[in-house]
Amino acid sequence: MEQTSNIVLSTLGETWIVALEVADYKKNIKEVHCITGTDQKIEQNIELLINEFASNRPDITLGIWQIEDFDEINSCKKVQLFKEILFRWYLRHFHNNSKTLPYVSIGGGMKFMAATLQKAASLFGAEEVFQVLSGKTPPQNSQDYNKAKMENKVVFAELGKEPGFEELRELRLEDFPLNFEKTKNAKNVFSYLLIPPDNQLLVQKIDQLIPSISKRAKAWKEKIHLPFPILALGSKKFFNWLNSPLDLHEDEDWIKNLPKVDLHTHLGGFATHGHLLTEVQKAAHKPLLNPPAAATFPSHWPHPKEPIGLEKYIKLGDATGSNLLKDPGCLKKHCQLLYEKLCEDNVIYCEIRCSPNNYADPEENRSAWLVLQEIQKHFQESMDKRLKDNPSSFCQVNLIIIADRKSRSLSSLHRHISLAITAHQHFPIGWGKCVIVGVDLAGFESKETRAELFAYDFTPVHRCGIAVTAHAGENDDAEGIWQAIYKLHARRLGHALSLKNSPELLQSVIERQIGIEMCPYANYQIKGFKPMEGKDPYPLLDYHNKGVLVSVNTDNIGISQANLTQNFLFLATLCEGITKLNILQILSNSIKVAFIPYEIKQKLNDLIEEKLEDLVKKYS
């Protein structure tokens with residue numbers, strides 16, 4: 001049960017009736033404490049109050065707190081002295097009132113005294129700040145006051161509650177002691193003499209804390225506008241930098257060092273060329289008979305002069321196709337090298353797509369389940385080693401099983417769906433654990449392979465609570481996206497480049513908070529966008545500005561010859577005017593739509609915030 005306030009704090013001047021008025025503010029008032037100075041008139045008032053409270057208000061305790069040698073405020077020194085004493089006095093009563101906020105009356109005494117008390121209320125908090133209004137002629141004695149009450153001339157003007165700052169209320173009393181002596185007591189009335197301190201430690205402490213409290217308050221206030229609250233602590237200079245356009249060259253270092261998230265990368269599209277392919281081939285358990293040679297890249301790759309289309313793009317990865325990755329040694333080395341490259345690129349979370357059934361080899365008694373176990377094991381061992389040897393560059397990897405729409409029959413698709421369902425319950429999810437988190441409907445899109453054809457097949461996936469993503473709108477029109485959303489119930493969409501052609505569908509994507517996995521280099525190489533001659537603008541920034549949860553990903557690191565850092569930097573070319581703040585907002589989107597529990601999302605947010613704190617300091 002929430003405890004309510006039963007104490008009133010007030011200033012007191014030459015009009016002693018103020019104490020009677022505030023005592024009548026609420027029926028539950030148990031204590032009234034008044035702070036005042038020392039002069040002959042106040043001494044007379046104390047005697048009157050002792051008689052009044054002892055006789056007519058025996059259930060209410062009255063405390064009169066007089067400041068020693070304090071009869072008027074005629075210097076800046078006395079102003080600061082009064083602030084220090086009153087703030088200590090206020091803090092003491094808060095702690096002695098079971099740490100519940102007091103009521104505060106600001107009507108008595110000199111105007112400065114009342115203003116200082118109101119300031120204390122705003123700093124430490126008050127259940128209610130009020131002032132007593134009693135007509136043009138204030139009562140001069142108890143008879144006048146009782147008459148004014150009967151005639152309803154006493155009005156309590158409430159100014160509202162003051163929340164104050166919790167950090168100030170948590171200050172320790174022993175650090176700011178209030179020195180006083182008891183001078184009088186009569187039944188329920190007590191009089192104290194406050195001994196002024198020889199310092200202003202509490203005022204100085206408050207002046208020190210308020211700026212940082214205000215900055216933190218601003219951080220929380222702007223949390224809904226900033227992707228990471230730590231950013232709100234930056235200076236104006238930092239915000240100018242944050243809102244400046246992304247620069248391909250100047251921003252390379254901080255993008256490289258930025259912890260990143262990749263939700264769309266294919267296992268088979270990694271070591272497709274060069275020394276990485278050679279290392280994978282050398283790791284074969286059995287000699288490779290006529291391994292396919294690495295494909296020749298088009299001229300000017302990875303920035304071709306014209307798009308090459310999806311079929312030619314996929315063929316660039318034939319060297320690491322199923323024939324190579326069926327070998328357990330090649331598969332292991334491939335996973336190890338990919339993990340190392342992710343860590344080098346400061347990727348802290350990655351969802352890797354794989355097709356275990358394609359790497360199965362019945363002649364060698366290697367089932368799809370065994371292959372999936374090996375893939376999981378290779379990444380798990382790499383993660384364990386990284387956590388032990390170099391935890392600061394750790395990358396959490398989870399797997400997404402590909403269900404390919406291009407199969408001549410649905411048998412392969414069903415095998416992968418069954419595999420995902422079995423594996424999803426077999427590997428318990430958690431930080432530092434490589435598990436299966438989703439199913440991807442992939443493969444070449446056409447009118448004949450839209451999501452509606454596979455809706456029934458994916459029912460068991462939904463029954464088991466497994467997340468679904470779908471390649472949609474890369475080669476098909478907006479109808480392919482519509483079916484992926486409404487027939488397949490996809491939580492994320494791969495590419496969705498044609499979404500820009502359907503404003504109504506785009507609005508549905510926004511309202512349903514569906515993530516869009518965009519892959520700048522792959523999209524440019526396959527479909528073509530400006531600055532490629534005669535092409536449309538890349539839609540990522542437009543999607544983002546309209547509220548779509550877009551993310552930046554790699555697709556195929558080896559084929560596209562671009563890691564995640566390079567994909568982010570490429571946006572400076574593809575999306576004119578995209579800012580550094582946009583980049584961080586997009587990174588935040590990736591965490592929001594990742595196929596992981598809330599606790600792991602918070603872990604990722606914390607890791608990014610730690611790195612961003614250094615960035616804030618550097619540019620502030």
# chains A, B, ... in the order shown; residues from 1 in each chain; ligands from 1
$ residues_around --residues "Ser502 of chain A" --least-positions-apart "4" --cutoff "8 Å" --atoms "only C-alpha atoms" --output "VMD selection string"
chain A and resid 478 498 506
$ write_last_selection --atoms "N, CA and C atoms" --output "mmCIF file, in the first residue's frame"
data_model
loop_
_atom_site.group_PDB
_atom_site.id
_atom_site.type_symbol
_atom_site.label_atom_id
_atom_site.label_comp_id
_atom_site.auth_asym_id
_atom_site.auth_seq_id
_atom_site.Cartn_x
_atom_site.Cartn_y
_atom_site.Cartn_z
ATOM 1 N N ALA A 478 5.119 -6.478 -56.453
ATOM 2 C CA ALA A 478 4.590 -6.319 -55.096
ATOM 3 C C ALA A 478 3.643 -7.439 -54.698
ATOM 4 N N SER A 498 10.566 -4.197 -54.718
ATOM 5 C CA SER A 498 9.365 -3.729 -55.419
ATOM 6 C C SER A 498 8.304 -3.184 -54.469
ATOM 7 N N LEU A 506 3.158 -0.977 -48.547
ATOM 8 C CA LEU A 506 4.230 -0.398 -47.738
ATOM 9 C C LEU A 506 3.700 0.035 -46.379
#
$ select_by_dssp --residues "segment 483-620 of chain A" --states "strand (DSSP E or B)" --output "JSON, numbers by chain"
{"A": [492, 493, 494, 495, 515, 516, 517, 518, 549, 550, 551, 552, 555, 579]}
$ write_last_selection --atoms "N, CA and C atoms" --output "compact mmCIF listing (two decimals), in the first residue's frame"
# COMPACT_ATOMS: atom_id res chain seq x y z
N ARG A 492 9.88 -11.18 -41.60
CA ARG A 492 10.84 -10.33 -42.31
C ARG A 492 10.79 -10.68 -43.79
N LEU A 493 11.24 -9.73 -44.60
CA LEU A 493 11.28 -9.92 -46.05
C LEU A 493 12.69 -9.66 -46.55
N GLY A 494 13.18 -10.56 -47.41
CA GLY A 494 14.48 -10.35 -48.02
C GLY A 494 14.38 -9.46 -49.24
N HIS A 495 15.03 -8.30 -49.18
CA HIS A 495 15.17 -7.35 -50.29
C HIS A 495 13.94 -6.44 -50.47
N GLY A 515 10.27 -6.52 -40.73
CA GLY A 515 11.62 -6.11 -41.08
C GLY A 515 11.93 -6.34 -42.55
N ILE A 516 12.66 -5.42 -43.14
CA ILE A 516 13.09 -5.55 -44.54
C ILE A 516 14.61 -5.71 -44.57
N GLU A 517 15.07 -6.87 -45.03
CA GLU A 517 16.50 -7.17 -45.09
C GLU A 517 17.05 -6.69 -46.45
N MET A 518 17.74 -5.58 -46.44
CA MET A 518 18.29 -5.04 -47.68
C MET A 518 19.80 -5.29 -47.73
N LEU A 549 11.14 -0.77 -41.01
CA LEU A 549 12.27 -1.28 -40.24
C LEU A 549 13.27 -1.95 -41.18
N VAL A 550 14.02 -1.13 -41.90
CA VAL A 550 15.01 -1.66 -42.83
C VAL A 550 16.28 -2.02 -42.08
N SER A 551 16.99 -3.03 -42.59
CA SER A 551 18.30 -3.40 -42.05
C SER A 551 19.28 -3.52 -43.21
N VAL A 552 20.56 -3.41 -42.90
CA VAL A 552 21.62 -3.54 -43.91
C VAL A 552 22.34 -4.86 -43.68
N ASP A 555 24.21 -10.51 -47.70
CA ASP A 555 23.70 -11.49 -48.67
C ASP A 555 24.75 -12.56 -48.93
N THR A 579 22.45 10.00 -43.32
CA THR A 579 23.29 10.53 -42.24
C THR A 579 23.84 9.42 -41.36
$ atom_distance --atom1 "atom CA of Leu258 of chain A" --atom2 "atom CA of Asn240 of chain A"
18.9 Å
$ select_by_dssp --residues "segment 307-348 of chain A" --states "alpha helix (DSSP H)" --output "list in words"
Gly309, Leu310, Glu311, Lys312, Tyr313, Ile314, Lys315, Ser322, Asn323, Leu324, Leu325, Pro328, Gly329, Cys330, Leu331, Lys332, Lys333, His334, Cys335, Gln336, Leu337, Leu338, Tyr339, Glu340, Lys341, Leu342, Cys343 and Glu344 of chain A
$ residues_around --residues "Ile514 of chain A" --least-positions-apart "3" --cutoff "8 Å" --atoms "only C-alpha atoms" --output "MDAnalysis selection string"
chainID A and resid 490:493 509:511 548:549 593
$ write_last_selection --atoms "N, CA and C atoms" --output "mmCIF file, in the first residue's frame"
data_model
loop_
_atom_site.group_PDB
_atom_site.id
_atom_site.type_symbol
_atom_site.label_atom_id
_atom_site.label_comp_id
_atom_site.auth_asym_id
_atom_site.auth_seq_id
_atom_site.Cartn_x
_atom_site.Cartn_y
_atom_site.Cartn_z
ATOM 1 N N ALA A 490 5.225 -14.025 -43.067
ATOM 2 C CA ALA A 490 6.647 -13.760 -42.842
ATOM 3 C C ALA A 490 6.824 -12.584 -41.891
ATOM 4 N N ARG A 491 7.755 -12.729 -40.961
ATOM 5 C CA ARG A 491 8.082 -11.642 -40.037
ATOM 6 C C ARG A 491 9.089 -10.667 -40.652
ATOM 7 N N ARG A 492 9.880 -11.183 -41.596
ATOM 8 C CA ARG A 492 10.837 -10.333 -42.309
ATOM 9 C C ARG A 492 10.792 -10.675 -43.791
ATOM 10 N N LEU A 493 11.243 -9.729 -44.602
ATOM 11 C CA LEU A 493 11.284 -9.920 -46.048
ATOM 12 C C LEU A 493 12.693 -9.658 -46.552
ATOM 13 N N VAL A 509 3.329 -2.940 -44.176
ATOM 14 C CA VAL A 509 4.635 -3.367 -43.664
ATOM 15 C C VAL A 509 5.027 -2.527 -42.453
ATOM 16 N N ILE A 510 4.769 -1.228 -42.530
ATOM 17 C CA ILE A 510 5.083 -0.330 -41.412
ATOM 18 C C ILE A 510 4.239 -0.675 -40.197
ATOM 19 N N GLU A 511 2.941 -0.827 -40.395
ATOM 20 C CA GLU A 511 2.029 -1.076 -39.282
ATOM 21 C C GLU A 511 2.284 -2.431 -38.637
ATOM 22 N N VAL A 548 9.732 2.254 -42.207
ATOM 23 C CA VAL A 548 9.965 0.826 -42.417
ATOM 24 C C VAL A 548 11.203 0.401 -41.625
ATOM 25 N N LEU A 549 11.143 -0.765 -41.006
ATOM 26 C CA LEU A 549 12.274 -1.281 -40.236
ATOM 27 C C LEU A 549 13.274 -1.947 -41.183
ATOM 28 N N VAL A 593 14.286 -6.512 -35.124
ATOM 29 C CA VAL A 593 13.643 -7.550 -35.935
ATOM 30 C C VAL A 593 14.431 -8.853 -35.954
#
$ closest_atom_pairs --of "segment 192-245 of chain A" --to "segment 24-46 of chain A" --cutoff "12 Å" --atoms "only C-alpha atoms" --output "CSV"
residue,atom,partner,partner_atom,distance
A:Tyr192,CA,A:Ile35,CA,9.6
A:Leu193,CA,A:Thr38,CA,9.0
A:Leu194,CA,A:Ile35,CA,9.3
A:Ile195,CA,A:Gly37,CA,11.6
A:Pro196,CA,A:Gly37,CA,11.7
$ atom_distance --atom1 "atom CA of Ile352 of chain A" --atom2 "atom CA of Ile375 of chain A"
10.4 Å
$ closest_residue --among "A:Ile73, A:Ile314, A:Leu453, A:Ile230" --to "Ala295 of chain A" --atoms "only C-alpha atoms"
A:Ile314
$ residues_around --residues "Glu599 of chain A" --least-positions-apart "5" --cutoff "9 Å" --atoms "only C-alpha atoms" --output "list in words"
Gly430, Trp431 and Leu604 of chain A
$ residues_around --residues "segment 108-125 of chain A" --least-positions-apart "4" --cutoff "6 Å" --atoms "only C-alpha atoms" --output "ChimeraX atom specification"
/A:11-13,162-165,169
$ atom_distance --atom1 "atom CA of Asn553 of chain A" --atom2 "atom CA of Val261 of chain A"
7.8 Å
$ closest_residue --among "A:Gln131, A:Leu497, A:Leu168, A:Leu248" --to "Ile213 of chain A" --atoms "only C-alpha atoms"
A:Leu168
$ closest_residue --among "A:Gly329, A:Arg512, A:Val132, A:Glu576" --to "Pro539 of chain A" --atoms "only C-alpha atoms"
A:Glu576
$ residues_around --residues "Leu372 of chain A" --least-positions-apart "2" --cutoff "10 Å" --atoms "only C-alpha atoms" --output "ChimeraX atom specification"
/A:354-357,359-360,367-370,374-378,399,401,419-420,423,436
$ residues_around --residues "Asn243 of chain A" --least-positions-apart "3" --cutoff "12 Å" --atoms "only C-alpha atoms" --output "PyMOL selection string"
chain A and resi 226+231+236-240+246-247+577-585
